[in-house]
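Text of entry.txt (compact mmCIF, C-alpha atoms) as supplied:
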```
# COMPACT_ATOMS: atom_id res chain seq x y z
CA MET A 1 -82.91 110.65 92.77
CA ALA A 2 -80.96 107.61 91.65
CA LEU A 3 -81.74 104.18 92.97
CA SER A 4 -79.38 102.13 95.01
CA ARG A 5 -79.06 98.36 94.93
CA GLN A 6 -81.00 98.04 98.20
CA ASP A 7 -84.05 99.83 96.80
CA LEU A 8 -84.72 97.08 94.29
CA SER A 9 -85.44 93.41 94.22
CA VAL A 10 -86.03 91.08 91.32
CA GLY A 11 -89.67 91.34 90.38
CA SER A 12 -90.10 94.95 91.57
CA VAL A 13 -92.61 96.64 89.28
CA ARG A 14 -93.46 100.23 88.58
CA GLU A 15 -96.33 101.31 86.38
CA SER A 16 -96.93 104.84 85.12
CA VAL A 17 -99.25 106.58 82.70
CA VAL A 18 -96.83 108.19 80.23
CA VAL A 19 -99.41 109.97 78.09
CA ASP A 20 -103.10 110.61 78.61
CA ASP A 21 -105.14 111.43 75.49
CA LEU A 22 -102.27 111.83 73.01
CA THR A 23 -102.85 114.89 70.81
CA ARG A 24 -102.04 115.46 67.17
CA THR A 25 -100.20 118.60 68.25
CA GLN A 26 -97.84 116.43 70.31
CA LEU A 27 -97.02 114.56 67.09
CA VAL A 28 -96.31 117.88 65.36
CA MET A 29 -94.04 118.86 68.27
CA TYR A 30 -92.18 115.57 68.00
CA ALA A 31 -91.75 115.98 64.25
CA GLY A 32 -90.39 119.49 64.75
CA ALA A 33 -87.97 118.61 67.53
CA SER A 34 -86.69 115.33 66.09
CA GLY A 35 -86.57 116.33 62.43
CA ASP A 36 -88.63 113.28 61.42
CA TYR A 37 -91.21 114.98 59.20
CA ASN A 38 -92.62 111.76 57.78
CA PRO A 39 -96.12 112.90 56.72
CA LEU A 40 -97.62 109.65 58.07
CA HIS A 41 -97.44 111.30 61.50
CA THR A 42 -98.67 114.83 60.84
CA ASP A 43 -100.47 114.92 57.49
CA GLU A 44 -103.96 113.40 57.70
CA VAL A 45 -104.54 113.79 53.94
CA PHE A 46 -101.38 111.86 53.10
CA ALA A 47 -101.85 109.25 55.83
CA THR A 48 -105.42 108.41 54.76
CA GLN A 49 -105.55 109.04 51.01
CA VAL A 50 -102.05 107.99 49.98
CA ALA A 51 -100.74 105.60 52.63
CA GLY A 52 -104.11 103.97 53.38
CA PHE A 53 -104.06 104.33 57.18
CA PRO A 54 -107.15 105.35 59.19
CA GLY A 55 -105.35 108.55 60.19
CA VAL A 56 -102.05 109.93 61.42
CA PHE A 57 -100.29 107.93 64.12
CA ALA A 58 -97.41 108.49 66.50
CA HIS A 59 -93.76 108.14 65.53
CA GLY A 60 -92.49 104.91 67.05
CA MET A 61 -89.72 107.00 68.53
CA LEU A 62 -92.25 109.16 70.38
CA THR A 63 -93.67 106.02 71.99
CA MET A 64 -90.13 104.95 72.88
CA ALA A 65 -89.36 108.38 74.34
CA LEU A 66 -92.58 108.36 76.39
CA SER A 67 -91.73 104.87 77.65
CA GLY A 68 -88.18 106.03 78.40
CA LYS A 69 -89.60 108.66 80.75
CA ALA A 70 -90.99 105.84 82.90
CA LEU A 71 -87.47 104.41 83.07
CA THR A 72 -85.59 107.60 83.88
CA ASP A 73 -88.23 108.67 86.41
CA TRP A 74 -87.48 105.44 88.27
CA VAL A 75 -83.77 104.76 87.87
CA GLY A 76 -82.61 108.39 87.79
CA ASP A 77 -80.94 110.60 85.22
CA GLY A 78 -77.97 109.56 83.12
CA ARG A 79 -78.16 106.00 84.48
CA LEU A 80 -79.19 104.03 81.42
CA ARG A 81 -76.61 101.69 79.89
CA THR A 82 -78.90 100.19 77.26
CA PHE A 83 -82.47 100.70 76.09
CA GLY A 84 -83.96 98.69 73.24
CA VAL A 85 -87.52 98.12 72.06
CA ARG A 86 -89.74 96.56 69.44
CA PHE A 87 -92.68 98.55 68.16
CA ARG A 88 -95.62 96.18 68.45
CA GLY A 89 -98.59 98.29 67.48
CA GLN A 90 -99.54 101.71 66.29
CA VAL A 91 -100.30 104.54 68.70
CA TRP A 92 -103.13 106.86 67.68
CA PRO A 93 -104.26 110.34 68.73
CA GLY A 94 -106.48 109.97 71.78
CA ASP A 95 -104.55 107.00 73.12
CA THR A 96 -103.53 106.74 76.75
CA LEU A 97 -100.35 104.76 77.31
CA THR A 98 -99.15 103.02 80.43
CA THR A 99 -95.58 101.81 80.79
CA THR A 100 -94.71 98.96 83.14
CA VAL A 101 -91.09 98.52 84.16
CA THR A 102 -90.09 95.28 85.89
CA VAL A 103 -86.76 94.35 87.43
CA ARG A 104 -85.72 91.13 85.68
CA ALA A 105 -82.28 90.73 87.26
CA LEU A 106 -79.74 92.51 89.44
CA ASP A 107 -76.16 92.10 88.28
CA GLN A 108 -72.65 93.35 88.72
CA VAL A 109 -71.01 94.68 85.56
CA ASP A 110 -67.39 95.84 85.84
CA GLY A 111 -67.85 95.93 89.62
CA GLU A 112 -70.87 98.21 89.32
CA PRO A 113 -74.42 97.26 90.34
CA VAL A 114 -76.74 97.11 87.35
CA ALA A 115 -80.48 96.50 87.08
CA ASP A 116 -81.82 94.63 84.05
CA LEU A 117 -85.32 95.81 83.32
CA ASP A 118 -88.25 94.76 81.15
CA VAL A 119 -90.31 97.54 79.64
CA VAL A 120 -93.84 97.10 78.29
CA THR A 121 -96.16 99.86 77.12
CA THR A 122 -99.86 99.23 76.59
CA ASN A 123 -102.74 101.36 75.34
CA GLN A 124 -106.13 101.91 76.98
CA ALA A 125 -107.41 98.66 75.40
CA GLY A 126 -104.58 96.72 77.04
CA GLU A 127 -102.85 96.11 73.71
CA VAL A 128 -99.06 96.06 73.83
CA VAL A 129 -97.67 98.84 71.63
CA LEU A 130 -94.02 98.53 72.66
CA SER A 131 -91.90 95.99 74.49
CA GLY A 132 -88.24 95.85 75.25
CA THR A 133 -85.47 95.88 77.80
CA ALA A 134 -83.14 98.32 79.46
CA SER A 135 -80.26 98.22 81.87
CA ALA A 136 -79.31 100.91 84.33
CA SER A 137 -76.40 101.60 86.66
CA LEU A 138 -77.35 101.76 90.34
CA ASP A 139 -75.68 103.30 93.33
CA ALA A 140 -73.76 100.72 95.36
CA MET B 1 -77.87 108.91 56.40
CA ALA B 2 -75.27 110.55 58.58
CA ALA B 3 -74.61 113.84 60.28
CA SER B 4 -71.04 115.07 60.00
CA ARG B 5 -71.66 117.64 62.73
CA PHE B 6 -74.44 117.35 65.32
CA PRO B 7 -74.06 120.11 67.91
CA VAL B 8 -75.97 119.32 71.11
CA GLU B 9 -77.69 122.51 72.30
CA ALA B 10 -79.65 123.30 75.46
CA GLY B 11 -82.50 124.92 73.50
CA HIS B 12 -82.84 121.88 71.28
CA ILE B 13 -82.89 119.57 74.32
CA MET B 14 -85.65 121.75 75.84
CA MET B 15 -87.72 121.52 72.65
CA PHE B 16 -87.16 117.78 72.43
CA ALA B 17 -88.13 117.29 76.09
CA ARG B 18 -91.34 119.27 75.51
CA ALA B 19 -92.05 117.18 72.41
CA ILE B 20 -91.87 113.98 74.45
CA ALA B 21 -93.92 115.56 77.26
CA ASP B 22 -91.10 115.08 79.75
CA THR B 23 -90.99 117.72 82.49
CA ASN B 24 -87.92 116.25 84.19
CA PRO B 25 -85.98 119.32 85.46
CA VAL B 26 -82.67 117.89 84.20
CA TYR B 27 -83.70 118.69 80.62
CA TYR B 28 -84.28 122.41 81.26
CA GLU B 29 -81.55 125.02 81.79
CA ASP B 30 -83.39 126.91 84.53
CA SER B 31 -83.88 123.83 86.71
CA ALA B 32 -81.09 121.37 85.88
CA GLY B 33 -78.79 122.90 88.50
CA SER B 34 -80.99 121.58 91.31
CA THR B 35 -80.92 117.96 90.07
CA GLU B 36 -78.59 115.15 91.09
CA VAL B 37 -76.69 115.47 87.80
CA GLY B 38 -76.46 119.23 88.33
CA GLU B 39 -76.49 120.24 84.67
CA VAL B 40 -78.56 119.69 81.54
CA ILE B 41 -78.28 116.28 79.91
CA ALA B 42 -80.21 114.96 76.91
CA PRO B 43 -83.08 112.45 77.14
CA PRO B 44 -82.19 108.84 76.19
CA THR B 45 -83.64 109.01 72.66
CA PHE B 46 -82.26 112.46 71.80
CA THR B 47 -79.77 111.22 69.19
CA MET B 48 -82.77 110.72 66.87
CA ALA B 49 -82.71 114.50 66.46
CA SER B 50 -79.46 114.17 64.51
CA ALA B 51 -81.89 114.01 61.55
CA GLN B 52 -81.93 117.82 61.81
CA PHE B 53 -78.26 117.87 60.91
CA GLU B 54 -78.33 115.47 57.98
CA PRO B 55 -78.00 117.72 54.94
CA ASP B 56 -80.13 115.52 52.65
CA HIS B 57 -82.50 113.96 55.17
CA ILE B 58 -85.21 112.41 53.04
CA LEU B 59 -88.00 113.11 55.55
CA ARG B 60 -87.56 116.87 55.54
CA PRO B 61 -89.20 119.08 52.92
CA THR B 62 -86.42 120.59 50.83
CA LYS B 63 -86.69 123.35 48.24
CA GLY B 64 -86.58 122.02 44.72
CA ARG B 65 -87.37 118.44 45.72
CA PRO B 66 -90.92 117.01 45.46
CA TRP B 67 -92.34 116.39 48.94
CA LEU B 68 -94.04 113.16 49.91
CA GLY B 69 -96.81 114.87 51.89
CA SER B 70 -99.87 116.79 50.76
CA GLY B 71 -100.16 120.27 49.31
CA ARG B 72 -102.31 120.89 46.25
CA GLU B 73 -102.39 117.11 45.84
CA PRO B 74 -102.47 114.40 48.53
CA THR B 75 -98.82 113.67 47.72
CA GLY B 76 -96.10 115.38 45.75
CA VAL B 77 -94.56 112.02 44.89
CA PRO B 78 -97.25 109.89 43.21
CA ARG B 79 -96.52 106.20 43.17
CA SER B 80 -97.27 103.77 40.41
CA ASP B 81 -99.56 100.76 40.93
CA GLY B 82 -98.14 97.98 43.06
CA GLU B 83 -95.98 100.40 45.02
CA GLY B 84 -98.37 100.70 47.94
CA GLY B 85 -95.92 99.72 50.67
CA THR B 86 -94.82 101.82 53.61
CA GLY B 87 -91.56 102.01 55.52
CA LEU B 88 -91.97 101.76 59.30
CA HIS B 89 -89.72 101.59 62.31
CA ALA B 90 -89.74 98.04 63.72
CA GLU B 91 -87.11 98.12 66.48
CA GLN B 92 -84.74 100.59 68.08
CA HIS B 93 -81.83 99.76 70.38
CA PHE B 94 -79.43 102.14 72.09
CA THR B 95 -76.19 101.50 73.95
CA TYR B 96 -75.07 104.45 76.07
CA HIS B 97 -71.51 105.22 77.08
CA ARG B 98 -72.22 108.55 78.75
CA PRO B 99 -75.07 111.13 78.79
CA LEU B 100 -74.99 113.89 76.18
CA ARG B 101 -74.64 117.50 77.33
CA PRO B 102 -75.02 120.89 75.66
CA GLY B 103 -71.67 121.75 74.12
CA ASP B 104 -71.06 118.26 72.81
CA VAL B 105 -70.45 118.17 69.09
CA LEU B 106 -71.17 114.73 67.74
CA THR B 107 -70.53 112.95 64.51
CA ALA B 108 -72.80 110.15 63.34
CA GLU B 109 -71.49 107.38 61.18
CA THR B 110 -73.89 104.78 59.84
CA ARG B 111 -73.41 101.34 58.41
CA GLU B 112 -75.82 98.74 57.15
CA GLY B 113 -76.40 95.67 59.27
CA GLU B 114 -78.40 92.55 58.49
CA ARG B 115 -81.35 92.21 56.13
CA TRP B 116 -84.10 89.61 56.30
CA GLU B 117 -87.60 88.88 55.03
CA LYS B 118 -90.73 87.60 56.71
CA GLU B 119 -94.23 86.78 55.53
CA GLY B 120 -96.62 89.43 56.92
CA LYS B 121 -99.87 88.60 58.76
CA ARG B 122 -102.01 90.26 56.11
CA GLY B 123 -100.03 88.70 53.28
CA GLY B 124 -97.18 90.30 51.45
CA VAL B 125 -93.51 90.16 52.24
CA LEU B 126 -92.03 92.30 55.01
CA THR B 127 -88.42 93.28 54.42
CA PHE B 128 -86.43 94.16 57.53
CA SER B 129 -83.11 95.99 57.45
CA GLU B 130 -80.73 97.17 60.15
CA ILE B 131 -78.87 100.46 60.28
CA ILE B 132 -76.20 100.91 62.92
CA THR B 133 -75.07 104.41 63.85
CA ASP B 134 -72.09 105.28 66.02
CA TYR B 135 -72.23 108.69 67.66
CA ARG B 136 -68.83 110.03 68.68
CA ASP B 137 -68.02 113.16 70.64
CA GLN B 138 -65.60 115.97 69.83
CA GLU B 139 -62.74 113.84 71.17
CA GLY B 140 -63.66 110.91 68.96
CA ARG B 141 -64.99 108.85 71.85
CA LEU B 142 -68.02 106.65 71.26
CA VAL B 143 -70.94 108.05 73.28
CA VAL B 144 -74.05 106.32 71.89
CA THR B 145 -74.59 103.43 69.50
CA SER B 146 -77.96 103.11 67.80
CA ARG B 147 -79.28 100.02 66.03
CA MET B 148 -82.43 100.72 64.08
CA VAL B 149 -84.50 98.03 62.40
CA GLY B 150 -86.76 99.27 59.63
CA VAL B 151 -89.50 97.30 57.91
CA GLN B 152 -90.79 97.85 54.43
CA THR B 153 -94.27 96.48 53.72
CA GLU B 154 -95.19 95.24 50.27
CA ARG B 155 -98.73 96.61 50.38
CA ALA B 156 -100.56 99.50 51.98
CA PRO B 157 -102.56 98.55 55.11
CA GLY B 158 -105.97 98.83 53.43
CA GLU B 159 -104.94 97.32 50.11
CA GLN B 160 -106.78 94.25 48.87
CA VAL B 161 -104.66 91.16 48.56
```

I need this file expressed as structure tokens, please.
Amino acid sequence: MALSRQDLSVGSVRESVVVDDLTRTQLVMYAGASGDYNPLHTDEVFATQVAGFPGVFAHGMLTMALSGKALTDWVGDGRLRTFGVRFRGQVWPGDTLTTTVTVRALDQVDGEPVADLDVVTTNQAGEVVLSGTASASLDA
Amino acid sequence: MAASRFPVEAGHIMMFARAIADTNPVYYEDSAGSTEVGEVIAPPTFTMASAQFEPDHILRPTKGRPWLGSGREPTGVPRSDGEGGTGLHAEQHFTYHRPLRPGDVLTAETREGERWEKEGKRGGVLTFSEIITDYRDQEGRLVVTSRMVGVQTERAPGEQV
């Protein structure tokens, strides 16, 4: 259900767990669906012996997609106008991620109500793995 | 890096939604009808899957081309000394003009944006570069713009400085 202008105020916050105990198989699924077969994300031998990482880790775009679910679950489907993030830290198998969405501003754009949102995703240690912003069209 | 024809398909959207662990009914054919939108649309990051439609996508194993990942050896593309760096995704920004639906046939056109360098925390130069991709629909209308920032590290994470 889409949000209307009255449902929100500046500073409104919603927090959701977007993945609990991320599995390596989820990384394989993301590689297969997206077509990003970078072996850093699915090939432990390559990731450790060649690239020098402690193991495989999530595609940044999987973390963005998981964080995006927190947005669309709140603002509704097909409502996003922009969504942009910085990848701040690696996400590893076993991680649990929580995304916090905060209403930074409520605007009118081309006569349409729009919410400007901050998006921050943290892991179970409280480390920020992704931060960014989004804007979404609201019902009047 | 561009897809001259990226057909948006309901089955692909379903697979992508499963891959991002999103059970939102709007991404699945059998349940989208009961949602506010009333039909399947694609998740916000779905345009990344245009990689499937890039004929020479570098991160897809291709017959006759050595593959970066492991097989008999830890990598099919051994690197010489001093080439220990890794390319990673630093930022991703989307601007949406309308949701994508099954039946859309997109084209993706990429151009290079800015390029800059920064000293990394662990030493070594980080080189950032932007790639901007315009996704247009079958009528030539812009539907999604993507701005990707990649970073190339000079050294592998465990490498001694």

query: What residues in chain B have any atom no more than 7 Å from chain A when counting all atoms listed in the file, and can you write them as an MDAnalysis selection string?
result: chainID B and resid 15:16 19:20 22 36:37 44:45 48:49 51:52 59:60 69:70 74:75 89:97 99 156:158

message: At a cut-off of 7 Å, using all atoms listed in the file, what residues contact Val77 (chain B)? Leave out same-chain residues fewer than 4 positions from it and give the result as a ChimeraX atom specification.
response: /B:66-68

Keeping C-alpha atoms, export the residues of the selection given above as a PDB file, in the frame of the given file.
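After the write, part_11.pdb holds the following:
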```pdb
ATOM      1  CA  PRO B  66     -90.920 117.010  45.460  1.00  0.00           C
ATOM      2  CA  TRP B  67     -92.340 116.390  48.940  1.00  0.00           C
ATOM      3  CA  LEU B  68     -94.040 113.160  49.910  1.00  0.00           C
TER       4      LEU B  68
END
```

- request: Place a sphere of radius 7 Å on (-76.3, 106.2, 93.9) in the file coordinates and name every protein, DNA or RNA residue with an atom inside or on its surface, counting all atoms listed in the file; give the answer as a PyMOL selection string.
  value: chain A and resi 2-4+138-140

- request: Name the residues within 8 Å of (-71.3, 111.6, 70.3), counting only C-alpha atoms in the file's coordinates, and put them as a list in words.
  value: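 Residues satisfying the cut-off, written out: Leu100, Asp104, Val105, Leu106, Thr107, Ala108, Asp134, Tyr135, Arg136, Asp137, Gln138, Gly140, Arg141, Leu142, Val143 and Val144 of chain B.
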
task: Take CA of Thr122 (chain A) and CA of Phe46 (chain B) and report the distance between them in Å, one decimal.
output: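 About the pair CA of Thr122 (chain A) and CA of Phe46 (chain B): they are 22.5 Å apart.
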
- prompt: So what do you get for CA of Pro7 (chain B) versus CA of Ala32 (chain B), distance-wise?
  reply: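 If I compute the distance from CA of Pro7 (chain B) to CA of Ala32 (chain B), I get 19.3 Å.
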
- prompt: So how far away is CA of Val56 (chain A) from CA of Gly87 (chain B), in Å?
  reply: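 Going from CA of Gly87 (chain B) over to CA of Val56 (chain A), I get 14.4 Å.
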
- request: Compare B:Gly85, B:Ile132, B:Lys118, B:Pro25 by their minimum atom-to-atom distance to Glu154 (chain B), counting only C-alpha atoms, and give me the closest one.
  value: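 The shortest atom-to-atom distance to Glu154 (chain B) comes from B:Gly85.
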
- line: Min atom-atom distance to Val125 (chain B) from the set B:Thr145, B:Thr110, B:Ser50, B:Gln152, counting only C-alpha atoms, belongs to B:Gln152

task: Would you please work out which residue, of A:Val10, A:Leu97, A:Ala105, A:Val114, is nearest to Ser137 (chain A) when using all atoms listed in the file?
output: A:Val114

- request: Within 9 Å of Arg24 (chain A), counting all atoms listed in the file, which residues show up once you throw out same-chain ones fewer than 6 positions away? Write them as number ranges by chain, please.
  value: A: 41-42, 56-58, 92-94

How about completing region 47-71 of chain B with N, CA and C atoms and giving it to me as a compact mmCIF listing (two decimals), keeping the file's coordinate frame?
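part.txt was written with the following content:
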```txt
# COMPACT_ATOMS: atom_id res chain seq x y z
N THR B 47 -80.60 111.31 70.41
CA THR B 47 -79.77 111.22 69.19
C THR B 47 -80.61 111.12 67.92
N MET B 48 -81.90 110.74 68.05
CA MET B 48 -82.77 110.72 66.87
C MET B 48 -82.81 112.09 66.20
N ALA B 49 -82.63 113.14 66.99
CA ALA B 49 -82.71 114.50 66.46
C ALA B 49 -81.51 114.85 65.58
N SER B 50 -80.57 113.93 65.45
CA SER B 50 -79.46 114.17 64.51
C SER B 50 -80.00 114.31 63.09
N ALA B 51 -81.24 113.83 62.86
CA ALA B 51 -81.89 114.01 61.55
C ALA B 51 -81.87 115.48 61.12
N GLN B 52 -81.95 116.38 62.12
CA GLN B 52 -81.93 117.82 61.81
C GLN B 52 -80.62 118.25 61.16
N PHE B 53 -79.59 117.47 61.37
CA PHE B 53 -78.26 117.87 60.91
C PHE B 53 -77.76 117.01 59.75
N GLU B 54 -78.67 116.22 59.19
CA GLU B 54 -78.33 115.47 57.98
C GLU B 54 -78.71 116.34 56.79
N PRO B 55 -77.73 116.74 56.00
CA PRO B 55 -78.00 117.72 54.94
C PRO B 55 -79.10 117.26 53.97
N ASP B 56 -79.17 115.98 53.65
CA ASP B 56 -80.13 115.52 52.65
C ASP B 56 -81.18 114.61 53.26
N HIS B 57 -81.53 114.85 54.52
CA HIS B 57 -82.50 113.96 55.17
C HIS B 57 -83.76 113.87 54.33
N ILE B 58 -84.13 112.65 54.00
CA ILE B 58 -85.21 112.41 53.04
C ILE B 58 -86.57 112.81 53.61
N LEU B 59 -86.71 112.79 54.94
CA LEU B 59 -88.00 113.11 55.55
C LEU B 59 -88.07 114.55 56.03
N ARG B 60 -87.44 115.45 55.26
CA ARG B 60 -87.56 116.87 55.54
C ARG B 60 -87.84 117.59 54.22
N PRO B 61 -88.92 118.36 54.17
CA PRO B 61 -89.20 119.08 52.92
C PRO B 61 -88.01 119.96 52.55
N THR B 62 -87.59 119.87 51.30
CA THR B 62 -86.42 120.59 50.83
C THR B 62 -86.78 121.30 49.53
N LYS B 63 -86.39 122.55 49.44
CA LYS B 63 -86.69 123.35 48.24
C LYS B 63 -86.16 122.65 46.99
N GLY B 64 -87.01 122.59 45.98
CA GLY B 64 -86.58 122.02 44.72
C GLY B 64 -86.73 120.51 44.64
N ARG B 65 -87.21 119.90 45.74
CA ARG B 65 -87.37 118.44 45.72
C ARG B 65 -88.84 118.14 46.02
N PRO B 66 -89.50 117.32 45.19
CA PRO B 66 -90.92 117.01 45.46
C PRO B 66 -91.07 116.43 46.86
N TRP B 67 -92.13 116.85 47.56
CA TRP B 67 -92.34 116.39 48.94
C TRP B 67 -93.42 115.32 48.96
N LEU B 68 -93.16 114.31 49.77
CA LEU B 68 -94.04 113.16 49.91
C LEU B 68 -95.44 113.54 50.39
N GLY B 69 -95.53 114.51 51.27
CA GLY B 69 -96.81 114.87 51.89
C GLY B 69 -97.70 115.70 51.00
N SER B 70 -98.84 116.13 51.57
CA SER B 70 -99.87 116.79 50.76
C SER B 70 -99.63 118.28 50.65
N GLY B 71 -100.10 118.83 49.55
CA GLY B 71 -100.16 120.27 49.31
C GLY B 71 -101.39 120.46 48.43
```
